[in-house]
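This is work-v7.pdb (PDB, C-alpha atoms and all ligand atoms).
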ATOM      1  CA  MET L1289       0.000   0.000   0.000
ATOM      2  CA  TYR L1290       3.013   2.269   0.464
ATOM      3  CA  PHE L1291       4.715   1.157  -2.723
ATOM      4  CA  SER L1292       3.757   4.087  -4.943
ATOM      5  CA  ASP L1293       5.895   6.529  -2.921
ATOM      6  CA  PHE L1294       8.901   4.181  -3.087
ATOM      7  CA  GLU L1295       8.481   3.843  -6.842
ATOM      8  CA  LYS L1296       7.985   7.587  -7.375
ATOM      9  CA  TYR L1297      10.812   8.947  -5.227
ATOM     10  CA  GLY L1298      13.259   6.142  -6.099
ATOM     11  CA  ARG L1299      12.783   6.988  -9.767
ATOM     12  CA  MET L1300      13.176  10.724  -9.112
ATOM     13  CA  LEU L1301      16.438  10.199  -7.199
ATOM     14  CA  TRP L1302      17.770   8.172 -10.134
ATOM     15  CA  GLU L1303      16.620  10.650 -12.756
ATOM     16  CA  ALA L1304      18.130  13.551 -10.784
ATOM     17  CA  GLY L1305      21.555  11.864 -10.712
ATOM     18  CA  LEU L1306      21.542  11.486  -6.942
ATOM     19  CA  ILE L1307      22.369   7.748  -7.036
ATOM     20  CA  HIS L1308      24.056   5.255  -9.322
ATOM     21  CA  MET L1309      22.043   2.266 -10.522
ATOM     22  CA  THR L1310      22.258   0.093  -7.409
ATOM     23  CA  SER L1311      23.123   2.657  -4.748
ATOM     24  CA  GLY L1312      20.866   4.453  -2.312
ATOM     25  CA  ASN L1313      18.060   3.132  -0.171
ATOM     26  CA  LEU L1314      14.679   4.285   1.116
ATOM     27  CA  SER L1315      12.639   3.426   4.153
ATOM     28  CA  ILE L1316       9.468   4.376   5.986
ATOM     29  CA  ARG L1317       8.227   3.596   9.478
ATOM     30  CA  LYS L1318       4.767   2.212  10.154
ATOM     31  CA  GLY L1319       4.327   1.408  13.843
ATOM     32  CA  THR L1320       6.993  -1.092  14.863
ATOM     33  CA  THR L1321       7.766  -2.103  11.264
ATOM     34  CA  LEU L1322      10.229  -0.453   8.907
ATOM     35  CA  TYR L1323       9.804  -0.940   5.154
ATOM     36  CA  VAL L1324      13.249  -0.799   3.525
ATOM     37  CA  THR L1325      14.388  -1.209  -0.060
ATOM     38  CA  ARG L1326      16.014  -4.541  -0.922
ATOM     39  CA  THR L1327      19.800  -4.821  -1.103
ATOM     40  CA  GLY L1328      21.002  -4.422  -4.683
ATOM     41  CA  SER L1329      17.650  -3.132  -5.934
ATOM     42  CA  LEU L1330      17.483  -0.534  -8.704
ATOM     43  CA  LEU L1331      15.901   2.517  -7.090
ATOM     44  CA  GLY L1332      14.972   3.859 -10.514
ATOM     45  CA  ARG L1333      13.001   0.682 -11.321
ATOM     46  CA  LEU L1334      11.588  -0.569  -8.043
ATOM     47  CA  SER L1335       8.956  -3.293  -7.926
ATOM     48  CA  SER L1336       6.777  -4.107  -4.928
ATOM     49  CA  SER L1337       8.961  -7.151  -4.118
ATOM     50  CA  ASP L1338      11.882  -4.759  -3.558
ATOM     51  CA  ILE L1339      10.314  -3.447  -0.337
ATOM     52  CA  VAL L1340      11.350  -5.558   2.684
ATOM     53  CA  PRO L1341       9.542  -5.295   6.049
ATOM     54  CA  VAL L1342      11.956  -5.389   9.000
ATOM     55  CA  ASN L1343      11.553  -4.900  12.726
ATOM     56  CA  LEU L1344      12.201  -1.581  14.438
ATOM     57  CA  SER L1345      13.446  -3.300  17.575
ATOM     58  CA  ASN L1346      15.718  -6.064  16.248
ATOM     59  CA  THR L1347      17.480  -7.556  13.189
ATOM     60  CA  LEU L1348      15.442 -10.788  12.946
ATOM     61  CA  ARG L1349      13.862  -9.941   9.564
ATOM     62  CA  ASP L1350      16.801  -8.017   8.042
ATOM     63  CA  SER L1351      17.675 -10.716   5.484
ATOM     64  CA  GLY L1352      17.331  -9.241   1.983
ATOM     65  CA  ALA L1353      16.998  -5.644   3.182
ATOM     66  CA  SER L1354      19.522  -2.920   2.349
ATOM     67  CA  SER L1355      22.968  -3.325   3.896
ATOM     68  CA  GLU L1356      22.412   0.116   5.396
ATOM     69  CA  THR L1357      19.296  -0.973   7.309
ATOM     70  CA  PRO L1358      21.172  -0.642  10.667
ATOM     71  CA  VAL L1359      21.640   3.071   9.985
ATOM     72  CA  HIS L1360      17.958   3.527   9.120
ATOM     73  CA  ARG L1361      16.935   1.661  12.284
ATOM     74  CA  ALA L1362      19.233   3.748  14.483
ATOM     75  CA  ILE L1363      17.785   6.976  13.062
ATOM     76  CA  TYR L1364      14.179   5.891  13.715
ATOM     77  CA  ARG L1365      14.988   4.692  17.204
ATOM     78  CA  ALA L1366      16.645   8.006  18.073
ATOM     79  CA  ASP L1367      13.741  10.186  16.891
ATOM     80  CA  PRO L1368      10.105   9.018  17.031
ATOM     81  CA  SER L1369       9.019  11.923  14.787
ATOM     82  CA  VAL L1370      10.927  10.542  11.761
ATOM     83  CA  GLY L1371       8.576   8.833   9.308
ATOM     84  CA  ALA L1372      10.955   8.251   6.389
ATOM     85  CA  VAL L1373      14.686   8.027   5.684
ATOM     86  CA  VAL L1374      16.402   8.479   2.316
ATOM     87  CA  HIS L1375      20.024   7.602   1.561
ATOM     88  CA  ALA L1376      21.647   8.693  -1.719
ATOM     89  CA  HIS L1377      25.107   9.306  -3.196
ATOM     90  CA  PRO L1378      24.867  12.901  -4.508
ATOM     91  CA  PRO L1379      28.150  13.639  -6.328
ATOM     92  CA  HIS L1380      28.688  17.347  -5.646
ATOM     93  CA  ALA L1381      27.893  17.084  -1.949
ATOM     94  CA  THR L1382      30.130  14.026  -1.680
ATOM     95  CA  ALA L1383      32.968  15.845  -3.460
ATOM     96  CA  LEU L1384      32.722  18.729  -0.996
ATOM     97  CA  SER L1385      32.579  16.350   1.974
ATOM     98  CA  TRP L1386      36.268  15.439   1.782
ATOM     99  CA  ASP L1387      37.557  18.844   2.824
ATOM    100  CA  THR L1388      35.244  20.003   5.583
ATOM    101  CA  GLU L1389      33.235  18.811   8.544
ATOM    102  CA  MET L1390      30.492  21.379   7.923
ATOM    103  CA  ILE L1391      29.323  22.451   4.461
ATOM    104  CA  ALA L1392      27.885  25.977   4.547
ATOM    105  CA  PRO L1393      25.579  26.716   1.587
ATOM    106  CA  VAL L1394      25.468  30.281   0.315
ATOM    107  CA  ASP L1395      22.373  30.300  -1.908
ATOM    108  CA  SER L1396      18.772  31.292  -1.144
ATOM    109  CA  ASP L1397      17.887  27.757  -0.038
ATOM    110  CA  SER L1398      20.275  28.177   2.880
ATOM    111  CA  LEU L1399      17.211  29.588   4.645
ATOM    112  CA  TYR L1400      15.969  25.981   4.731
ATOM    113  CA  ILE L1401      19.268  24.089   4.965
ATOM    114  CA  PRO L1402      21.809  26.498   6.485
ATOM    115  CA  LYS L1403      24.400  23.868   7.416
ATOM    116  CA  ILE L1404      25.233  20.373   6.204
ATOM    117  CA  PRO L1405      27.290  18.440   8.766
ATOM    118  CA  VAL L1406      29.799  15.836   7.577
ATOM    119  CA  LEU L1407      30.440  12.653   9.521
ATOM    120  CA  ALA L1408      34.183  12.356   8.963
ATOM    121  CA  ASP L1409      35.111   9.390  11.131
ATOM    122  CA  CYS L1410      33.364   6.519   9.332
ATOM    123  CA  PRO L1411      34.510   6.528   5.692
ATOM    124  CA  TYR L1412      33.154   3.962   3.218
ATOM    125  CA  GLY L1413      31.420   1.833   5.844
ATOM    126  CA  GLU L1414      28.194   0.706   4.175
ATOM    127  CA  GLY L1415      25.767  -0.056   6.973
ATOM    128  CA  SER L1416      28.520   0.123   9.519
ATOM    129  CA  ALA L1417      28.015   0.219  13.236
ATOM    130  CA  CYS L1418      30.102   3.392  13.268
ATOM    131  CA  ILE L1419      27.622   5.268  11.085
ATOM    132  CA  ALA L1420      24.646   3.873  12.988
ATOM    133  CA  ALA L1421      26.217   5.038  16.244
ATOM    134  CA  HIS L1422      27.024   8.589  15.196
ATOM    135  CA  PHE L1423      24.536   9.630  12.542
ATOM    136  CA  PRO L1424      21.304   9.974  14.538
ATOM    137  CA  GLU L1425      22.687  12.827  16.649
ATOM    138  CA  LEU L1426      23.622  14.768  13.499
ATOM    139  CA  LEU L1427      20.201  14.260  11.934
ATOM    140  CA  ALA L1428      18.397  15.274  15.103
ATOM    141  CA  ARG L1429      19.725  18.800  14.535
ATOM    142  CA  HIS L1430      20.016  19.054  10.747
ATOM    143  CA  HIS L1431      17.495  16.838   8.826
ATOM    144  CA  VAL L1432      20.174  16.042   6.220
ATOM    145  CA  ALA L1433      23.834  15.146   6.712
ATOM    146  CA  MET L1434      26.791  13.671   4.827
ATOM    147  CA  ILE L1435      29.130  10.742   5.371
ATOM    148  CA  ARG L1436      32.559  11.785   4.106
ATOM    149  CA  GLY L1437      33.342  10.295   0.709
ATOM    150  CA  HIS L1438      30.144   8.230   0.690
ATOM    151  CA  GLY L1439      26.792  10.000   0.562
ATOM    152  CA  ALA L1440      23.886  11.586   2.385
ATOM    153  CA  PHE L1441      21.082  10.588   4.711
ATOM    154  CA  ALA L1442      17.965  12.726   5.097
ATOM    155  CA  VAL L1443      14.927  12.357   7.335
ATOM    156  CA  GLY L1444      11.365  13.547   6.915
ATOM    157  CA  ARG L1445       7.746  12.912   7.783
ATOM    158  CA  ASP L1446       7.453  10.952   4.548
ATOM    159  CA  LEU L1447       9.566   9.965   1.531
ATOM    160  CA  LYS L1448       8.653  13.144  -0.309
ATOM    161  CA  GLU L1449      10.037  15.377   2.441
ATOM    162  CA  ALA L1450      13.203  13.330   2.960
ATOM    163  CA  ALA L1451      13.928  13.020  -0.783
ATOM    164  CA  SER L1452      13.260  16.737  -1.260
ATOM    165  CA  ARG L1453      15.825  17.557   1.399
ATOM    166  CA  ILE L1454      18.464  15.441  -0.374
ATOM    167  CA  SER L1455      17.611  17.116  -3.682
ATOM    168  CA  MET L1456      17.807  20.622  -2.210
ATOM    169  CA  MET L1457      21.059  19.830  -0.433
ATOM    170  CA  GLU L1458      22.716  18.502  -3.595
ATOM    171  CA  ASN L1459      21.579  21.564  -5.519
ATOM    172  CA  GLN L1460      23.102  23.796  -2.850
ATOM    173  CA  CYS L1461      26.348  21.820  -3.023
ATOM    174  CA  ARG L1462      26.381  21.976  -6.836
ATOM    175  CA  LEU L1463      26.133  25.776  -6.636
ATOM    176  CA  LEU L1464      28.852  25.898  -3.994
ATOM    177  CA  PHE L1465      31.034  23.639  -6.148
ATOM    178  CA  PHE L1466      30.542  25.864  -9.230
ATOM    179  CA  ARG L1467      31.254  28.972  -7.171
ATOM    180  CA  GLN L1468      34.509  27.464  -5.959
ATOM    181  CA  VAL L1469      35.442  26.528  -9.522
ATOM    182  CA  LEU L1470      34.741  30.082 -10.716
ATOM    183  CA  GLU L1471      36.825  31.450  -7.877
ATOM    184  CA  GLY L1472      39.663  29.084  -8.793
ATOM    185  CA  ARG L1473      39.501  27.226  -5.500
ATOM    186  CA  VAL L1474      39.074  23.806  -7.135
ATOM    187  CA  GLY L1475      42.014  22.221  -8.960
ATOM    188  CA  ARG L1476      44.817  24.271  -7.471
ATOM    189  CA  GLY L1477      46.169  21.219  -5.714
TER
HETATM  190 ZN    ZN L1501      25.619   4.331   0.536
END
In structure tokens, write the structure found in this file.
Ligand SMILES: [Zn+2]
Amino acid sequence: MYFSDFEKYGRMLWEAGLIHMTSGNLSIRKGTTLYVTRTGSLLGRLSSSDIVPVNLSNTLRDSGASSETPVHRAIYRADPSVGAVVHAHPPHATALSWDTEMIAPVDSDSLYIPKIPVLADCPYGEGSACIAAHFPELLARHHVAMIRGHGAFAVGRDLKEAASRISMMENQCRLLFFRQVLEGRVGRG
């Protein structure tokens, strides 16, 4: 019954260039059940069998779900108001994440996302305990945050809000990236 949002926002993330074919994952919370995209699924071409129900409180039904399910679970457990979590690999935001622990957008959307924190201590750890341990506290204050050299997680009431935050954040980072290029700050070595 929730599939249409997964299909819609998975496809939009793919079409917007925010993921590669098999990266990224989506989830929603309904009571004590989390619905998470299947590991290896194509977010741009999801089918209903790609949505795996898992438990909020334990890992007993995690088989087949995204390898990053532990991060999703930790975020939901830390904040009861979160209804959906989106993870994507936006390229401009990820490029900027290597050189700072706090990305500061400068465009008009900075009214909505003034700061983008970067988790710098857990590089490349898909679904790692390190990310699950440290990410919820960042998202409690910022709604969207980066893992250095990896990608972004965003939270929202629903998939639309969480995916929109990732999209806005990547657009802000693309502008920041272009501004740095124009100012000659990129490529000087
Ligand atoms: Zn990832």
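Coordinates place atom CA of Asp1293 of chain L at a distance of 13.8 Å from atom CA of Lys1318 of chain L.
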For this session: Compute the set of protein, DNA and RNA residues whose minimum atom distance to ligand ZN 1501 (chain L) is at most 12 Å, using only C-alpha atoms and all ligand atoms, and state it as JSON, numbers by chain.
Result: {"L": [1306, 1307, 1308, 1309, 1310, 1311, 1312, 1313, 1314, 1327, 1328, 1354, 1355, 1356, 1357, 1359, 1360, 1374, 1375, 1376, 1377, 1378, 1379, 1382, 1410, 1411, 1412, 1413, 1414, 1415, 1416, 1419, 1434, 1435, 1436, 1437, 1438, 1439, 1440, 1441]}
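When only C-alpha atoms are used to compute distances to Ala1381 of chain L, the closest of the residues L:Val1342, L:Pro1393, L:Ala1451, L:Leu1470 turns out to be L:Pro1393.
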Please list as a PDB file with C-alpha atoms, in the coordinates of the input every residue within 9 Å of Phe1465 of chain L, counting only C-alpha atoms and excluding residues in the same chain fewer than 5 positions away.
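Output file selection-v2.pdb follows:
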ATOM      1  CA  HIS L1380      28.688  17.347  -5.646  1.00  0.00           C
ATOM      2  CA  ALA L1381      27.893  17.084  -1.949  1.00  0.00           C
ATOM      3  CA  ALA L1383      32.968  15.845  -3.460  1.00  0.00           C
ATOM      4  CA  LEU L1384      32.722  18.729  -0.996  1.00  0.00           C
ATOM      5  CA  GLN L1460      23.102  23.796  -2.850  1.00  0.00           C
ATOM      6  CA  LEU L1470      34.741  30.082 -10.716  1.00  0.00           C
ATOM      7  CA  VAL L1474      39.074  23.806  -7.135  1.00  0.00           C
TER       8      VAL L1474
END
For this session: To verify the selection step, state as an NGL selection string which residues the PyMOL selection byres (((chain L and resi 1343) around 10) and not hetatm) yields on this input.
Result: :L and (1317 or 1319-1323 or 1341-1342 or 1344-1350 or 1361)
Could you write out as AutoDock Vina command-line options the box around segment 1333-1337 of chain L (axis-aligned, all atoms listed in the file, 4 Å on each side), with centre and edge lengths in Å to one decimal?
--center_x 9.9 --center_y -3.2 --center_z -7.7 --size_x 14.2 --size_y 15.8 --size_z 15.2
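Here the PyMOL selection byres (((chain L and resi 1290) around 10) and not hetatm) captures the residues Met1289, Phe1291, Ser1292, Asp1293, Phe1294, Glu1295, Ile1316, Lys1318, Tyr1323, Ser1336 and Ile1339 of chain L.
Atom CA of Met1457 of chain L is found 11.3 Å from atom CA of His1430 of chain L.
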Exercise. Expanded to explicit residues, what is the PyMOL selection byres (((chain L and resi 1398) around 12) and not hetatm) for this file, as a ChimeraX atom specification?
Worked result: /L:1391-1397,1399-1404,1453,1456-1461,1463-1464
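Across the model, the gap from atom CA of Phe1423 of chain L to atom CA of Trp1302 of chain L is 23.7 Å.
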For this session: Choose the residue, out of L:Arg1333, L:Arg1326, L:Arg1445, L:Arg1365, that has the smallest atom-to-atom separation from Leu1301 of chain L; count all atoms listed in the file.
Result: L:Arg1333
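Minimum distance to Met1300 of chain L across L:Ser1315, L:Leu1331, L:Pro1405, L:Tyr1364 (counting all atoms listed in the file) occurs at L:Leu1331.
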